[in-house]
Structure formats: C-alpha cells, structure tokens
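A short write-up of the structure that comes next.
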Amino acid sequence: MTKQQIESWDKVHSKYVLQLDRYRTWFGILASEYFSSCSGKVTRDGLTGAIVGRAQLDLGNLIQWMDGPIFLIAYCTRSLLELAAASWSIEETGDWSRWYGLMARDLIDIIERTSVIDPDGEEEVASTIQAFKADFGKSGIPVADHTQSFREEARNGHYKREYDEVFQLLSKYVHPTPVTLIGPEQLVGSAIVRRFFLMKSLKYLRTIYCLAAQQSGYNPAGLDLKRQLLDLRAELD
C-alpha cells in the first residue's frame, strides 16, 4: 500500500467516524426520548423500537471494530442490511403484527430443539408450548406456521435487489470461507472493501433512522425526512 493510499484511508476513516458518531447520537436520542416507552409492547412502535435498539448495538460495534478484522465489519453491515430490509417490509406492508407471530414460532422451535438434552422433560416441554400458544393467542396474533428468511422480508419491502446484491458478498466475509481463512489480508481486508462496507452501513442506518423518525414523528437529527425518504424509495425495486 502506498503512502498516498494510507493517507487517503486515514482521511476517509475520519469522515466515517464522524458520520457514524452522528447516527449514534441521533439513534440514542430517538430511543431514549420516544421508543424506550414502547419497549416490550406488542405494537408497531414496540417492534420499531426493537429495530432501533439493535441498530444502536450494531452501530456501536461497527465504530469499535472499524480497524479490526474485516469479518466483524461485515457482520455489522449485514445485520444493518437485515434491519433495513425489515424496516421497509413493515413500512410497505403495514403488517407489523406478523413479526410477533414469527417470534412465537421461533421460540417454539428453540424450545423443541433444545429440549433434546433433557428427554425426561418431554411432557413439561409440551405443556410449556401449549401454555405459550394459549397465552399468545389471547393477543389475537396467530403463531406463524413456519419461519421466514430476511430475503422474504426484502421482497415484501421491495428491497430484494439491494439485498441480493450485497448479502451474498457480506456472507463471504462473515462465514469462515476460503477467502477469509486463507485469502491474502492486503486484498481481503483492503481499504476499498472497508469503505464499501462502511458506505453500505451508512445507507442502511439512514434508512432505519428515517423510517423510525417518520413513524414516531420525532426527528432529533432535523433531517428533511420527506426528501430523504423520497430518495431512498427511488432505490426500491
């Protein structure tokens, strides 16, 4: 890597730190001033608040790991891509309650799969699942009959093109693939790759923030949400 390239990366690095720190501040205010009061509620605000909370976690890790192993940056970027896909899916379909049904389905699957370590607890597990379904049914939200991938969420949110183009590349870095295990570090974790992941992360953060701010009516960043969302919608499928 030449001196010019190093200096260029240093300059870009500072720019991304500044932009990510701004989002960390905006998400923090949005969460504390609005979505914290929705935590745990079976509502659209409750679901969006959970998305905002996870975005905060991924954003904090992204800032911390920016100079770390490239697979950590890819992991954060892929998570933010999935959160952006979920946000668009909820926005475009309006079907936020379905997520709680999917959550119930996943919890049941987890209980069933992990119960194999205690074969004597089969009756207790069945009773627990039955009680959970009964309690959940009182909310009027049916337990989903199957799990669902984020690719389907991307399709629902007209975000499939973006998802398909970026997710596969990110997965090459997240998983222990040949490129991450034995690829030359100067190519695998190059400044170009890092810049690409950070650029995408900022796009997904902007999407999550703008949709959450529009929904809540609370906009600590002071962005022109109408204009921002107009631009973001122009990129949908």
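All residue names refer to the structure tokens as shown: chains lettered A, B, ... in order, residues numbered from 1 in each chain, ligands numbered from 1 in order.
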
- Who sits within 9 Å of Tyr16 (chain A), only C-alpha atoms, same chain under 3 positions skipped, as a PyMOL selection string: chain A and resi 11-13+19-21+63+195+198-199+202

If you keep all heavy atoms, can you produce a file of those selected residues as a short mmCIF file (atom, residue, chain, number, x, y, z; two decimals), in the first residue's frame?
```
data_model
loop_
_atom_site.label_atom_id
_atom_site.label_comp_id
_atom_site.auth_asym_id
_atom_site.auth_seq_id
_atom_site.Cartn_x
_atom_site.Cartn_y
_atom_site.Cartn_z
N LYS A 11 -7.99 9.78 5.87
CA LYS A 11 -8.95 10.86 5.67
C LYS A 11 -10.37 10.31 5.62
O LYS A 11 -11.29 10.85 6.24
CB LYS A 11 -8.63 11.62 4.39
CG LYS A 11 -9.54 12.81 4.12
CD LYS A 11 -9.10 13.55 2.87
CE LYS A 11 -10.01 14.75 2.60
NZ LYS A 11 -9.60 15.48 1.37
N VAL A 12 -10.55 9.23 4.87
CA VAL A 12 -11.86 8.60 4.76
C VAL A 12 -12.28 8.03 6.10
O VAL A 12 -13.45 8.13 6.50
CB VAL A 12 -11.82 7.49 3.68
CG1 VAL A 12 -13.09 6.67 3.72
CG2 VAL A 12 -11.65 8.11 2.31
N HIS A 13 -11.34 7.45 6.81
CA HIS A 13 -11.62 6.86 8.12
C HIS A 13 -12.22 7.91 9.05
O HIS A 13 -13.24 7.67 9.72
CB HIS A 13 -10.32 6.30 8.70
CG HIS A 13 -10.46 5.66 10.03
ND1 HIS A 13 -10.53 6.38 11.21
CD2 HIS A 13 -10.54 4.36 10.39
CE1 HIS A 13 -10.65 5.56 12.23
NE2 HIS A 13 -10.65 4.32 11.76
N GLN A 19 -19.46 10.53 10.74
CA GLN A 19 -20.83 10.23 10.31
C GLN A 19 -21.48 9.18 11.20
O GLN A 19 -22.65 9.30 11.56
CB GLN A 19 -20.81 9.75 8.85
CG GLN A 19 -20.45 10.84 7.86
CD GLN A 19 -20.38 10.32 6.44
OE1 GLN A 19 -19.62 9.41 6.14
NE2 GLN A 19 -21.17 10.90 5.55
N LEU A 20 -20.72 8.15 11.57
CA LEU A 20 -21.27 7.10 12.42
C LEU A 20 -21.57 7.64 13.82
O LEU A 20 -22.57 7.26 14.44
CB LEU A 20 -20.31 5.92 12.49
CG LEU A 20 -20.15 5.12 11.19
CD1 LEU A 20 -18.99 4.13 11.32
CD2 LEU A 20 -21.43 4.39 10.84
N ASP A 21 -20.71 8.52 14.31
CA ASP A 21 -20.95 9.12 15.63
C ASP A 21 -22.23 9.96 15.62
O ASP A 21 -22.96 10.00 16.61
CB ASP A 21 -19.76 9.99 16.04
CG ASP A 21 -18.75 9.22 16.86
OD1 ASP A 21 -19.15 8.26 17.55
OD2 ASP A 21 -17.56 9.57 16.83
N ILE A 63 -18.36 0.99 15.04
CA ILE A 63 -17.38 2.02 15.39
C ILE A 63 -16.19 1.40 16.12
O ILE A 63 -15.03 1.72 15.84
CB ILE A 63 -18.04 3.11 16.25
CG1 ILE A 63 -19.09 3.88 15.43
CG2 ILE A 63 -16.99 4.07 16.80
CD1 ILE A 63 -19.94 4.84 16.23
N ARG A 195 -14.23 0.48 2.90
CA ARG A 195 -15.00 1.65 2.50
C ARG A 195 -16.36 1.24 1.93
O ARG A 195 -17.37 1.90 2.18
CB ARG A 195 -14.22 2.48 1.48
CG ARG A 195 -13.02 3.20 2.07
CD ARG A 195 -12.19 3.90 1.02
NE ARG A 195 -12.93 5.02 0.40
CZ ARG A 195 -12.38 5.88 -0.44
NH1 ARG A 195 -11.10 5.77 -0.78
NH2 ARG A 195 -13.11 6.86 -0.95
N LEU A 198 -18.61 0.24 4.88
CA LEU A 198 -19.00 1.41 5.66
C LEU A 198 -20.01 2.27 4.90
O LEU A 198 -20.95 2.81 5.49
CB LEU A 198 -17.76 2.23 6.03
CG LEU A 198 -16.81 1.57 7.03
CD1 LEU A 198 -15.51 2.35 7.13
CD2 LEU A 198 -17.47 1.44 8.40
N MET A 199 -19.79 2.40 3.59
CA MET A 199 -20.74 3.16 2.76
C MET A 199 -22.12 2.53 2.82
O MET A 199 -23.14 3.22 2.97
CB MET A 199 -20.24 3.19 1.32
CG MET A 199 -21.19 3.85 0.32
SD MET A 199 -20.66 3.62 -1.39
CE MET A 199 -20.96 1.86 -1.61
N LEU A 202 -23.84 3.07 6.26
CA LEU A 202 -24.44 4.40 6.39
C LEU A 202 -25.77 4.48 5.64
O LEU A 202 -26.72 5.12 6.11
CB LEU A 202 -23.48 5.46 5.87
CG LEU A 202 -22.30 5.79 6.79
CD1 LEU A 202 -21.29 6.67 6.07
CD2 LEU A 202 -22.79 6.48 8.07
#
```

- Message: DSSP on the backbone, helix (DSSP H, G or I) only: what residues of region 36-110 of chain A does that give? Format it as a ChimeraX atom specification.
- Response: /A:36-38,44-64,70-93,97-110

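Using only C-alpha atoms, the shortest contact distance between Phe196 (chain A) and any of A:Arg113, A:Pro184, A:Leu230, A:Ala74 is found at A:Ala74.
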
- Query: Out of A:Glu185, A:Cys76, A:Lys203, A:Ala104, which residue has the shortest atom-to-atom distance to Gly137 (chain A) when counting only C-alpha atoms?
  - Reply: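 Comparing A:Glu185, A:Cys76, A:Lys203, A:Ala104 against Gly137 (chain A), the winner is A:Ala104.
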
- Task: With a distance cut-off of 9 Å and only C-alpha atoms, select the neighbouring residues of Trp26 (chain A), excluding the residue or stretch itself and same-chain residues fewer than 6 positions from it, and output the selection as an NGL selection string.
- Result: :A and (209 or 219-221)

For those residues, write C-alpha atoms to a file as a compact mmCIF listing (two decimals), in the first residue's frame.
```txt
# COMPACT_ATOMS: atom_id res chain seq x y z
CA TYR A 209 -33.43 6.16 11.10
CA ASN A 219 -36.68 13.70 14.42
CA PRO A 220 -33.68 14.65 16.59
CA ALA A 221 -31.41 14.84 13.54
```

- region 88-93 of chain A environment, 7 Å, only C-alpha atoms, sequence neighbours closer than 6 positions dropped, as a list in words: Glu153, Ala154, Asn156 and Gly157 of chain A

Using the selection just defined, write its residues with all heavy atoms as a PDB file, in the first residue's frame.
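Output contents, as saved in out.pdb:
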```pdb
ATOM      1  N   GLU A 153     -38.454 -10.942   3.642  1.00  0.00           N
ATOM      2  CA  GLU A 153     -38.753  -9.592   4.131  1.00  0.00           C
ATOM      3  C   GLU A 153     -38.299  -8.556   3.102  1.00  0.00           C
ATOM      4  O   GLU A 153     -38.994  -7.568   2.862  1.00  0.00           O
ATOM      5  CB  GLU A 153     -38.038  -9.342   5.465  1.00  0.00           C
ATOM      6  CG  GLU A 153     -38.513 -10.200   6.616  1.00  0.00           C
ATOM      7  CD  GLU A 153     -39.994 -10.029   6.908  1.00  0.00           C
ATOM      8  OE1 GLU A 153     -40.528  -8.911   6.723  1.00  0.00           O
ATOM      9  OE2 GLU A 153     -40.619 -11.010   7.319  1.00  0.00           O
ATOM     10  N   ALA A 154     -37.133  -8.787   2.518  1.00  0.00           N
ATOM     11  CA  ALA A 154     -36.629  -7.861   1.499  1.00  0.00           C
ATOM     12  C   ALA A 154     -37.578  -7.800   0.311  1.00  0.00           C
ATOM     13  O   ALA A 154     -37.841  -6.724  -0.242  1.00  0.00           O
ATOM     14  CB  ALA A 154     -35.228  -8.296   1.054  1.00  0.00           C
ATOM     15  N   ASN A 156     -40.821  -8.422   0.412  1.00  0.00           N
ATOM     16  CA  ASN A 156     -42.018  -7.705   0.867  1.00  0.00           C
ATOM     17  C   ASN A 156     -41.814  -6.192   0.865  1.00  0.00           C
ATOM     18  O   ASN A 156     -42.744  -5.422   0.614  1.00  0.00           O
ATOM     19  CB  ASN A 156     -42.405  -8.153   2.276  1.00  0.00           C
ATOM     20  CG  ASN A 156     -42.929  -9.576   2.317  1.00  0.00           C
ATOM     21  OD1 ASN A 156     -43.358 -10.119   1.304  1.00  0.00           O
ATOM     22  ND2 ASN A 156     -42.886 -10.196   3.492  1.00  0.00           N
ATOM     23  N   GLY A 157     -40.577  -5.786   1.178  1.00  0.00           N
ATOM     24  CA  GLY A 157     -40.285  -4.353   1.257  1.00  0.00           C
ATOM     25  C   GLY A 157     -39.737  -3.760  -0.024  1.00  0.00           C
ATOM     26  O   GLY A 157     -39.268  -2.622  -0.032  1.00  0.00           O
TER      27      GLY A 157
END
```
